[in-house]
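Listing of entry-v1.txt; format and content: compact mmCIF, C-alpha atoms.
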# COMPACT_ATOMS: atom_id res chain seq x y z
CA MET N 67 -98.12 -100.13 94.17
CA GLU N 68 -95.92 -97.91 92.04
CA LEU N 69 -93.06 -96.43 94.08
CA LYS N 70 -92.78 -92.64 93.96
CA THR N 71 -89.04 -92.60 94.52
CA LYS N 72 -86.96 -94.93 92.37
CA ILE N 73 -83.27 -95.78 92.59
CA HIS N 74 -81.41 -97.20 89.64
CA ALA N 75 -77.96 -98.47 90.61
CA GLU N 76 -76.29 -100.92 88.27
CA ASP N 77 -73.86 -103.42 89.62
CA GLY N 78 -70.23 -102.52 89.04
CA GLN N 79 -71.01 -98.91 88.06
CA GLN N 80 -69.90 -95.84 89.99
CA ASP N 81 -73.09 -93.86 89.53
CA LEU N 82 -76.76 -94.04 90.40
CA VAL N 83 -79.99 -92.37 89.34
CA ILE N 84 -82.76 -91.26 91.69
CA THR N 85 -86.10 -90.29 90.15
CA ARG N 86 -89.11 -88.90 91.89
CA ASP N 87 -92.45 -87.52 90.68
CA PHE N 88 -93.98 -84.60 92.52
CA ASP N 89 -97.55 -83.41 92.68
CA VAL N 90 -96.45 -79.77 92.16
CA PRO N 91 -95.52 -77.75 89.03
CA ARG N 92 -91.92 -77.82 87.84
CA ALA N 93 -91.17 -74.18 88.69
CA LEU N 94 -92.17 -74.79 92.30
CA LEU N 95 -90.15 -78.00 92.47
CA PHE N 96 -87.11 -76.07 91.26
CA THR N 97 -87.30 -73.76 94.31
CA ALA N 98 -86.38 -76.81 96.45
CA TYR N 99 -82.84 -76.18 95.19
CA THR N 100 -82.81 -72.38 94.95
CA ASP N 101 -84.87 -70.93 97.81
CA PRO N 102 -82.81 -70.90 101.05
CA GLU N 103 -85.93 -71.00 103.20
CA ILE N 104 -87.32 -74.10 101.48
CA ILE N 105 -83.89 -75.78 101.51
CA ALA N 106 -83.69 -75.14 105.26
CA GLN N 107 -87.11 -76.72 105.72
CA TRP N 108 -86.71 -79.92 103.73
CA MET N 109 -83.01 -80.58 104.17
CA GLY N 110 -83.02 -79.42 107.79
CA THR N 111 -79.86 -77.40 107.22
CA ARG N 112 -78.91 -73.71 107.13
CA VAL N 113 -77.87 -72.14 103.85
CA LEU N 114 -74.60 -70.23 104.38
CA LYS N 115 -74.06 -69.50 100.74
CA LEU N 116 -75.93 -70.27 97.53
CA GLU N 117 -74.91 -68.68 94.25
CA SER N 118 -77.34 -70.19 91.77
CA LYS N 119 -75.37 -69.52 88.60
CA ARG N 120 -72.58 -70.97 86.50
CA HIS N 121 -69.29 -70.84 88.46
CA GLY N 122 -71.23 -70.12 91.63
CA SER N 123 -70.67 -72.01 94.85
CA TRP N 124 -72.81 -73.21 97.74
CA GLN N 125 -72.39 -74.15 101.38
CA PHE N 126 -74.87 -75.60 103.89
CA GLU N 127 -74.37 -76.11 107.61
CA THR N 128 -76.27 -77.76 110.45
CA THR N 129 -75.53 -77.08 114.10
CA ASP N 130 -76.85 -78.82 117.19
CA ALA N 131 -78.56 -77.07 120.13
CA GLN N 132 -75.13 -76.24 121.62
CA GLY N 133 -73.97 -74.59 118.40
CA ASN N 134 -71.58 -77.37 117.37
CA VAL N 135 -71.38 -78.00 113.64
CA VAL N 136 -72.73 -81.49 112.99
CA PHE N 137 -72.95 -81.28 109.21
CA ARG N 138 -71.34 -79.06 106.63
CA ALA N 139 -71.45 -79.61 102.91
CA GLY N 140 -70.54 -77.57 99.88
CA GLY N 141 -69.63 -77.53 96.25
CA VAL N 142 -69.62 -75.54 93.04
CA ILE N 143 -72.23 -75.05 90.36
CA HIS N 144 -71.23 -75.87 86.80
CA GLU N 145 -74.50 -75.35 84.98
CA PHE N 146 -77.64 -73.51 85.99
CA ILE N 147 -80.68 -73.43 83.69
CA PRO N 148 -83.69 -72.04 85.62
CA ASP N 149 -86.52 -74.57 86.09
CA GLN N 150 -84.62 -77.20 84.08
CA LYS N 151 -81.17 -78.22 85.14
CA ILE N 152 -78.47 -77.83 87.78
CA THR N 153 -75.07 -79.48 87.48
CA ARG N 154 -73.06 -79.24 90.67
CA THR N 155 -70.55 -80.95 92.91
CA PHE N 156 -71.43 -82.05 96.44
CA GLU N 157 -68.99 -82.80 99.23
CA MET N 158 -69.62 -83.46 102.90
CA GLU N 159 -66.85 -81.87 104.95
CA ASN N 160 -64.85 -83.93 107.45
CA THR N 161 -65.94 -87.24 105.94
CA PRO N 162 -63.91 -89.73 103.91
CA PHE N 163 -66.48 -89.76 101.07
CA GLY N 164 -64.97 -87.14 98.78
CA PRO N 165 -66.84 -85.01 96.26
CA GLN N 166 -69.55 -86.34 93.99
CA LEU N 167 -70.89 -84.93 90.74
CA GLU N 168 -74.64 -84.33 90.51
CA PHE N 169 -76.83 -83.73 87.48
CA LEU N 170 -80.26 -82.51 88.61
CA GLU N 171 -82.89 -82.43 85.89
CA PHE N 172 -86.41 -81.08 86.28
CA GLU N 173 -89.11 -82.22 83.89
CA ALA N 174 -92.63 -80.81 83.55
CA LEU N 175 -95.35 -83.48 83.49
CA PRO N 176 -99.05 -83.13 82.63
CA ASN N 177 -101.57 -81.74 85.15
CA ASP N 178 -99.08 -79.45 86.91
CA THR N 179 -96.91 -82.30 88.13
CA SER N 180 -93.18 -82.68 87.67
CA ARG N 181 -90.27 -85.09 87.84
CA LEU N 182 -86.83 -84.75 89.41
CA ARG N 183 -84.01 -86.89 88.06
CA MET N 184 -80.75 -86.91 90.05
CA HIS N 185 -77.81 -88.57 88.37
CA ILE N 186 -74.96 -88.88 90.89
CA VAL N 187 -71.44 -89.89 89.87
CA TYR N 188 -68.95 -91.06 92.51
CA ARG N 189 -65.19 -91.45 92.25
CA SER N 190 -65.34 -95.24 92.45
CA VAL N 191 -67.71 -98.20 92.60
CA ALA N 192 -66.65 -98.78 96.21
CA GLN N 193 -67.50 -95.21 97.15
CA ARG N 194 -70.93 -95.45 95.56
CA ASN N 195 -71.67 -98.72 97.33
CA GLN N 196 -70.57 -97.19 100.61
CA GLN N 197 -73.11 -94.39 100.10
CA LEU N 198 -75.81 -96.94 99.27
CA GLN N 199 -75.13 -98.81 102.49
CA LEU N 200 -74.83 -95.72 104.67
CA PRO N 201 -78.54 -95.33 105.50
CA PHE N 202 -78.63 -99.01 106.40
CA ALA N 203 -75.76 -98.59 108.88
CA LYS N 204 -77.34 -95.39 110.17
CA GLY N 205 -80.70 -97.12 110.55
CA LEU N 206 -79.06 -99.84 112.61
CA ASN N 207 -77.36 -97.21 114.77
CA MET N 208 -80.61 -95.35 115.31
CA ALA N 209 -82.39 -98.55 116.23
CA HIS N 210 -79.55 -99.29 118.61
CA ASN N 211 -79.73 -95.83 120.19
CA ARG N 212 -83.47 -96.12 120.57
CA LEU N 213 -82.99 -99.46 122.23
CA GLU N 214 -80.50 -97.87 124.63
CA ASP N 215 -82.99 -95.12 125.44
CA VAL N 216 -85.61 -97.71 126.18
CA VAL N 217 -83.28 -99.94 128.15
CA ARG N 218 -81.44 -97.31 130.19
CA PRO N 219 -84.31 -96.41 132.57
CA LEU N 220 -84.70 -100.11 133.33
CA LYS N 221 -81.20 -100.40 134.78
CA MET E 97 -65.35 -127.45 97.50
CA ASN E 98 -66.14 -123.82 96.94
CA LEU E 99 -68.90 -122.39 99.05
CA ARG E 100 -70.56 -119.68 96.99
CA ARG E 101 -73.59 -118.48 98.81
CA ASP E 102 -73.12 -114.75 98.38
CA ALA E 103 -75.75 -113.53 95.93
CA PHE E 104 -73.91 -110.24 95.45
CA GLN E 105 -70.81 -112.07 94.34
CA ALA E 106 -72.98 -114.00 91.92
CA ILE E 107 -74.37 -110.90 90.22
CA ALA E 108 -70.92 -109.26 89.98
CA ASP E 109 -70.31 -111.18 86.75
CA PRO E 110 -71.76 -109.79 83.46
CA THR E 111 -72.54 -113.23 81.96
CA ARG E 112 -74.41 -114.25 85.08
CA ARG E 113 -76.37 -110.99 85.00
CA ALA E 114 -77.22 -111.69 81.35
CA ILE E 115 -78.45 -115.16 82.30
CA LEU E 116 -80.70 -113.68 85.01
CA LEU E 117 -82.11 -111.19 82.49
CA LEU E 118 -82.71 -113.97 79.99
CA LEU E 119 -84.62 -115.98 82.59
CA ALA E 120 -86.62 -112.99 83.84
CA SER E 121 -89.46 -113.68 81.41
CA GLN E 122 -89.23 -117.45 80.86
CA SER E 123 -87.84 -120.78 82.09
CA LEU E 124 -85.20 -122.24 79.77
CA SER E 125 -83.23 -125.45 79.44
CA ALA E 126 -79.47 -125.42 80.00
CA GLY E 127 -79.03 -126.05 76.27
CA ALA E 128 -81.23 -123.11 75.28
CA ILE E 129 -79.40 -120.79 77.70
CA ALA E 130 -76.00 -121.90 76.38
CA ALA E 131 -77.20 -121.33 72.81
CA SER E 132 -77.88 -117.66 73.65
CA PHE E 133 -74.22 -117.00 74.44
CA ASP E 134 -71.02 -117.10 72.41
CA THR E 135 -69.27 -118.48 75.48
CA ALA E 136 -68.35 -122.19 75.51
CA ARG E 137 -71.05 -124.44 76.91
CA PRO E 138 -68.99 -125.65 79.95
CA THR E 139 -68.46 -121.99 80.91
CA VAL E 140 -72.19 -121.31 80.79
CA SER E 141 -72.78 -124.50 82.81
CA LYS E 142 -70.35 -123.23 85.43
CA HIS E 143 -72.25 -119.92 85.66
CA LEU E 144 -75.55 -121.79 85.98
CA GLN E 145 -74.03 -123.88 88.76
CA ILE E 146 -72.91 -120.78 90.67
CA LEU E 147 -76.30 -119.09 90.26
CA THR E 148 -78.01 -122.27 91.47
CA GLU E 149 -75.66 -122.57 94.47
CA CYS E 150 -76.52 -118.99 95.39
CA GLU E 151 -80.19 -119.94 95.08
CA LEU E 152 -80.79 -117.22 92.50
CA LEU E 153 -81.92 -119.95 90.11
CA LYS E 154 -83.97 -123.08 90.67
CA GLN E 155 -83.54 -126.26 88.67
CA GLU E 156 -86.37 -128.42 87.45
CA GLN E 157 -85.97 -131.76 85.73
CA THR E 158 -88.34 -132.12 82.77
CA GLY E 159 -87.76 -135.34 80.85
CA ARG E 160 -84.09 -135.41 79.88
CA GLU E 161 -83.65 -131.66 80.16
CA ILE E 162 -82.98 -129.50 83.21
CA TYR E 163 -84.91 -126.25 83.14
CA TYR E 164 -83.83 -123.15 85.02
CA HIS E 165 -86.03 -120.41 86.42
CA LEU E 166 -85.54 -117.41 88.68
CA ASN E 167 -85.94 -117.65 92.42
CA PRO E 168 -87.94 -114.46 93.09
CA SER E 169 -87.42 -114.38 96.88
CA ARG E 170 -83.64 -114.40 96.50
CA MET E 171 -83.82 -111.72 93.79
CA LYS E 172 -85.83 -109.58 96.17
CA GLU E 173 -83.04 -109.83 98.73
CA ILE E 174 -80.74 -108.07 96.27
CA ALA E 175 -83.33 -105.34 95.69
CA ASP E 176 -83.65 -104.98 99.48
CA PHE E 177 -79.97 -104.07 99.66
CA ILE E 178 -80.68 -100.56 98.33
CA GLU E 179 -84.09 -100.29 100.00
CA PRO E 180 -82.90 -98.28 103.07
CA PHE E 181 -81.24 -95.79 100.71
CA ARG E 182 -84.39 -95.51 98.64
CA GLN E 183 -86.47 -95.16 101.80
CA MET E 184 -84.22 -92.33 103.03
CA TRP E 185 -84.74 -90.36 99.81
CA ASP E 186 -88.44 -91.19 99.76
CA ASP E 187 -88.82 -89.74 103.28
CA ARG E 188 -86.91 -86.59 102.29
CA PHE E 189 -88.94 -86.11 99.14
CA ASN E 190 -92.24 -86.74 100.92
CA LYS E 191 -91.33 -83.97 103.33
CA LEU E 192 -90.34 -81.71 100.44
CA GLU E 193 -93.62 -82.38 98.64
CA THR E 194 -95.60 -81.43 101.75
CA ILE E 195 -93.62 -78.19 102.10
CA LEU E 196 -94.07 -77.31 98.42
CA LYS E 197 -97.81 -78.04 98.46
CA GLU E 198 -98.17 -75.75 101.44
CA ARG E 199 -96.29 -73.07 99.48
CA GLN E 200 -98.62 -73.60 96.57
CA ALA E 201 -101.71 -73.18 98.77
CA ASN E 202 -100.31 -70.19 100.71
CA PRO E 203 -97.78 -68.31 98.54
CA PRO E 204 -95.49 -65.94 100.52
CA LYS E 205 -96.94 -62.39 100.73
CA ASP E 206 -93.92 -60.59 99.27
CA PRO E 207 -92.72 -62.55 96.25
CA ARG E 208 -88.96 -62.53 95.83

This entry written out as structure tokens:
Amino acid sequence: MELKTKIHAEDGQQDLVITRDFDVPRALLFTAYTDPEIIAQWMGTRVLKLESKRHGSWQFETTDAQGNVVFRAGGVIHEFIPDQKITRTFEMENTPFGPQLEFLEFEALPNDTSRLRMHIVYRSVAQRNQQLQLPFAKGLNMAHNRLEDVVRPLK
Amino acid sequence: MNLRRDAFQAIADPTRRAILLLLASQSLSAGAIAASFDTARPTVSKHLQILTECELLKQEQTGREIYYHLNPSRMKEIADFIEPFRQMWDDRFNKLETILKERQANPPKDPR
């Protein structure tokens, strides 16, 4: 089966490319990065600021039920071509990862479908590899937490 | 003796990656592989040895020649390394696609 989301990460390089085809027209796909309401829905985060234009900046924040900030990220926008391209930086606050450079390209495909291509450049190979491994570590943690939840009542 | 069983260490070298690419479509003899590179034959032999030790390549004796071919299960292990990352993005994008399709079916009443 053809995978819908593809990752291209070459060994020894400090960048990676994520491509994904969507069963919606390009203009609608583009709103995933410009419409605060849609961003809130799919990224699960609140949009504090989003200036979709050259030299604009953006900031997202997620709080837990008690109002504590659990995630805050931001960056600046270098290029903004409606329905086609966004070049921006992305940095998670209070993490050791540092900023990354993102080239987001939106391509129209036949039959009202579209393709997103994210080219992400990190400061170093090590930093990129750390990001690649992050979901794996997180997955292990989540499995561990779930196990604890299951095990705790048994004590 | 060097124990080289880390497949990731094995693919960190550009010549070894080139050898893997070369063998992706066909099995080749050590001589034929060496002939594809400018590098000295003993150097290529050394790379083949490392790749074999890491089980990325399998050897097969045919007459006087040793043929090399890819070990697909070991190659898959390397691909699996980025699989959780891919899965994470796939989940996010699946969610996004559902949200966008819903938008498409029921556009908001007051367009921005």

Report as JSON lines: every residue of chain N with an atom at most 10 Å from chain E, its closest pair of atoms, and their distance in Å to one decimal, counting all atoms listed in the file, with rows sorted by chain and ascending residue number.
{"residue": "N:Leu69", "atom": "CA", "partner": "E:Asp186", "partner_atom": "CA", "distance": 9.0}
{"residue": "N:Lys70", "atom": "CA", "partner": "E:Asp186", "partner_atom": "CA", "distance": 7.4}
{"residue": "N:Thr71", "atom": "CA", "partner": "E:Asp186", "partner_atom": "CA", "distance": 5.5}
{"residue": "N:Lys72", "atom": "CA", "partner": "E:Arg182", "partner_atom": "CA", "distance": 6.8}
{"residue": "N:Ile73", "atom": "CA", "partner": "E:Arg182", "partner_atom": "CA", "distance": 6.2}
{"residue": "N:His74", "atom": "CA", "partner": "E:Ile178", "partner_atom": "CA", "distance": 9.3}
{"residue": "N:Ala75", "atom": "CA", "partner": "E:Ile178", "partner_atom": "CA", "distance": 8.4}
{"residue": "N:Asp77", "atom": "CA", "partner": "E:Ala108", "partner_atom": "CA", "distance": 6.5}
{"residue": "N:Gly78", "atom": "CA", "partner": "E:Ala108", "partner_atom": "CA", "distance": 6.8}
{"residue": "N:Ile84", "atom": "CA", "partner": "E:Arg182", "partner_atom": "CA", "distance": 8.3}
{"residue": "N:Thr85", "atom": "CA", "partner": "E:Trp185", "partner_atom": "CA", "distance": 9.8}
{"residue": "N:Arg86", "atom": "CA", "partner": "E:Phe189", "partner_atom": "CA", "distance": 7.8}
{"residue": "N:Asp87", "atom": "CA", "partner": "E:Phe189", "partner_atom": "CA", "distance": 9.3}
{"residue": "N:Phe88", "atom": "CA", "partner": "E:Glu193", "partner_atom": "CA", "distance": 6.5}
{"residue": "N:Asp89", "atom": "CA", "partner": "E:Glu193", "partner_atom": "CA", "distance": 7.2}
{"residue": "N:Val90", "atom": "CA", "partner": "E:Lys197", "partner_atom": "CA", "distance": 6.7}
{"residue": "N:Pro91", "atom": "CA", "partner": "E:Gln200", "partner_atom": "CA", "distance": 9.1}
{"residue": "N:Leu94", "atom": "CA", "partner": "E:Leu196", "partner_atom": "CA", "distance": 6.9}
{"residue": "N:Leu95", "atom": "CA", "partner": "E:Leu196", "partner_atom": "CA", "distance": 7.2}
{"residue": "N:Thr97", "atom": "CA", "partner": "E:Leu196", "partner_atom": "CA", "distance": 8.7}
{"residue": "N:Ala98", "atom": "CA", "partner": "E:Leu192", "partner_atom": "CA", "distance": 7.5}
{"residue": "N:Asp101", "atom": "CA", "partner": "E:Arg208", "partner_atom": "CA", "distance": 9.6}
{"residue": "N:Ile104", "atom": "CA", "partner": "E:Ile195", "partner_atom": "CA", "distance": 7.5}
{"residue": "N:Ile105", "atom": "CA", "partner": "E:Leu192", "partner_atom": "CA", "distance": 8.8}
{"residue": "N:Gln107", "atom": "CA", "partner": "E:Ile195", "partner_atom": "CA", "distance": 7.6}
{"residue": "N:Trp108", "atom": "CA", "partner": "E:Leu192", "partner_atom": "CA", "distance": 5.2}
{"residue": "N:Met109", "atom": "CA", "partner": "E:Arg188", "partner_atom": "CA", "distance": 7.4}
{"residue": "N:Gly110", "atom": "CA", "partner": "E:Arg188", "partner_atom": "CA", "distance": 9.8}
{"residue": "N:Asn195", "atom": "CA", "partner": "E:Ile178", "partner_atom": "CA", "distance": 9.3}
{"residue": "N:Gln197", "atom": "CA", "partner": "E:Phe181", "partner_atom": "CA", "distance": 8.3}
{"residue": "N:Leu198", "atom": "CA", "partner": "E:Phe181", "partner_atom": "CA", "distance": 5.7}
{"residue": "N:Gln199", "atom": "CA", "partner": "E:Phe181", "partner_atom": "CA", "distance": 7.0}
{"residue": "N:Leu200", "atom": "CA", "partner": "E:Phe181", "partner_atom": "CA", "distance": 7.5}
{"residue": "N:Pro201", "atom": "CA", "partner": "E:Phe181", "partner_atom": "CA", "distance": 5.5}
{"residue": "N:Phe202", "atom": "CA", "partner": "E:Pro180", "partner_atom": "CA", "distance": 5.5}
{"residue": "N:Ala203", "atom": "CA", "partner": "E:Pro180", "partner_atom": "CA", "distance": 9.2}
{"residue": "N:Lys204", "atom": "CA", "partner": "E:Pro180", "partner_atom": "CA", "distance": 9.5}
{"residue": "N:Gly205", "atom": "CA", "partner": "E:Pro180", "partner_atom": "CA", "distance": 7.9}

Emit the selected residues as an mmCIF file, in the coordinates of the input, including C-alpha atoms.
data_model
loop_
_atom_site.group_PDB
_atom_site.id
_atom_site.type_symbol
_atom_site.label_atom_id
_atom_site.label_comp_id
_atom_site.auth_asym_id
_atom_site.auth_seq_id
_atom_site.Cartn_x
_atom_site.Cartn_y
_atom_site.Cartn_z
ATOM 1 C CA LEU N 69 -93.060 -96.430 94.080
ATOM 2 C CA LYS N 70 -92.780 -92.640 93.960
ATOM 3 C CA THR N 71 -89.040 -92.600 94.520
ATOM 4 C CA LYS N 72 -86.960 -94.930 92.370
ATOM 5 C CA ILE N 73 -83.270 -95.780 92.590
ATOM 6 C CA HIS N 74 -81.410 -97.200 89.640
ATOM 7 C CA ALA N 75 -77.960 -98.470 90.610
ATOM 8 C CA ASP N 77 -73.860 -103.420 89.620
ATOM 9 C CA GLY N 78 -70.230 -102.520 89.040
ATOM 10 C CA ILE N 84 -82.760 -91.260 91.690
ATOM 11 C CA THR N 85 -86.100 -90.290 90.150
ATOM 12 C CA ARG N 86 -89.110 -88.900 91.890
ATOM 13 C CA ASP N 87 -92.450 -87.520 90.680
ATOM 14 C CA PHE N 88 -93.980 -84.600 92.520
ATOM 15 C CA ASP N 89 -97.550 -83.410 92.680
ATOM 16 C CA VAL N 90 -96.450 -79.770 92.160
ATOM 17 C CA PRO N 91 -95.520 -77.750 89.030
ATOM 18 C CA LEU N 94 -92.170 -74.790 92.300
ATOM 19 C CA LEU N 95 -90.150 -78.000 92.470
ATOM 20 C CA THR N 97 -87.300 -73.760 94.310
ATOM 21 C CA ALA N 98 -86.380 -76.810 96.450
ATOM 22 C CA ASP N 101 -84.870 -70.930 97.810
ATOM 23 C CA ILE N 104 -87.320 -74.100 101.480
ATOM 24 C CA ILE N 105 -83.890 -75.780 101.510
ATOM 25 C CA GLN N 107 -87.110 -76.720 105.720
ATOM 26 C CA TRP N 108 -86.710 -79.920 103.730
ATOM 27 C CA MET N 109 -83.010 -80.580 104.170
ATOM 28 C CA GLY N 110 -83.020 -79.420 107.790
ATOM 29 C CA ASN N 195 -71.670 -98.720 97.330
ATOM 30 C CA GLN N 197 -73.110 -94.390 100.100
ATOM 31 C CA LEU N 198 -75.810 -96.940 99.270
ATOM 32 C CA GLN N 199 -75.130 -98.810 102.490
ATOM 33 C CA LEU N 200 -74.830 -95.720 104.670
ATOM 34 C CA PRO N 201 -78.540 -95.330 105.500
ATOM 35 C CA PHE N 202 -78.630 -99.010 106.400
ATOM 36 C CA ALA N 203 -75.760 -98.590 108.880
ATOM 37 C CA LYS N 204 -77.340 -95.390 110.170
ATOM 38 C CA GLY N 205 -80.700 -97.120 110.550
#

_One-decimal distance in Å that lies between CA of Gln80 (chain N) and CA of Arg194 (chain N)_ = 5.7 Å

*Grab the CA of Arg183 (chain N) to CA of Val83 (chain N) distance for me, in Å with one decimal place.*
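These two atoms are separated by 6.9 Å.
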
*asked:* To one decimal place in Å, what is the distance between CA of Tyr188 (chain N) and CA of Pro165 (chain N)?
replied: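 Atom-to-atom, CA of Tyr188 (chain N) to CA of Pro165 (chain N), that is 7.4 Å.
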
*Counting all atoms listed in the file, find the residues whose atoms lie at most 12 Å from (-69.1, -75.4, 110.2) (file coordinates) and write them out as a VMD selection string.*
chain N and resid 111 to 114 125 to 130 133 to 140 158 to 160

*Which residue gives the smallest distance to Val140 (chain E) among E:Ala201, E:Ile115, E:Leu153, E:Ala120, with all atoms listed in the file counted?*
E:Ile115

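When only C-alpha atoms are used to compute distances to Thr158 (chain E), the closest of the residues E:Ser125, E:Ser132, E:Asn202, E:Gln105 turns out to be E:Ser125.
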
*Nearest to Arg170 (chain E): which of E:Thr139, E:Thr111, E:Thr148, E:Gln122 is it, counting only C-alpha atoms?*
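Checking each of E:Thr139, E:Thr111, E:Thr148, E:Gln122 against Arg170 (chain E), counting only C-alpha atoms, the winner is E:Thr148.
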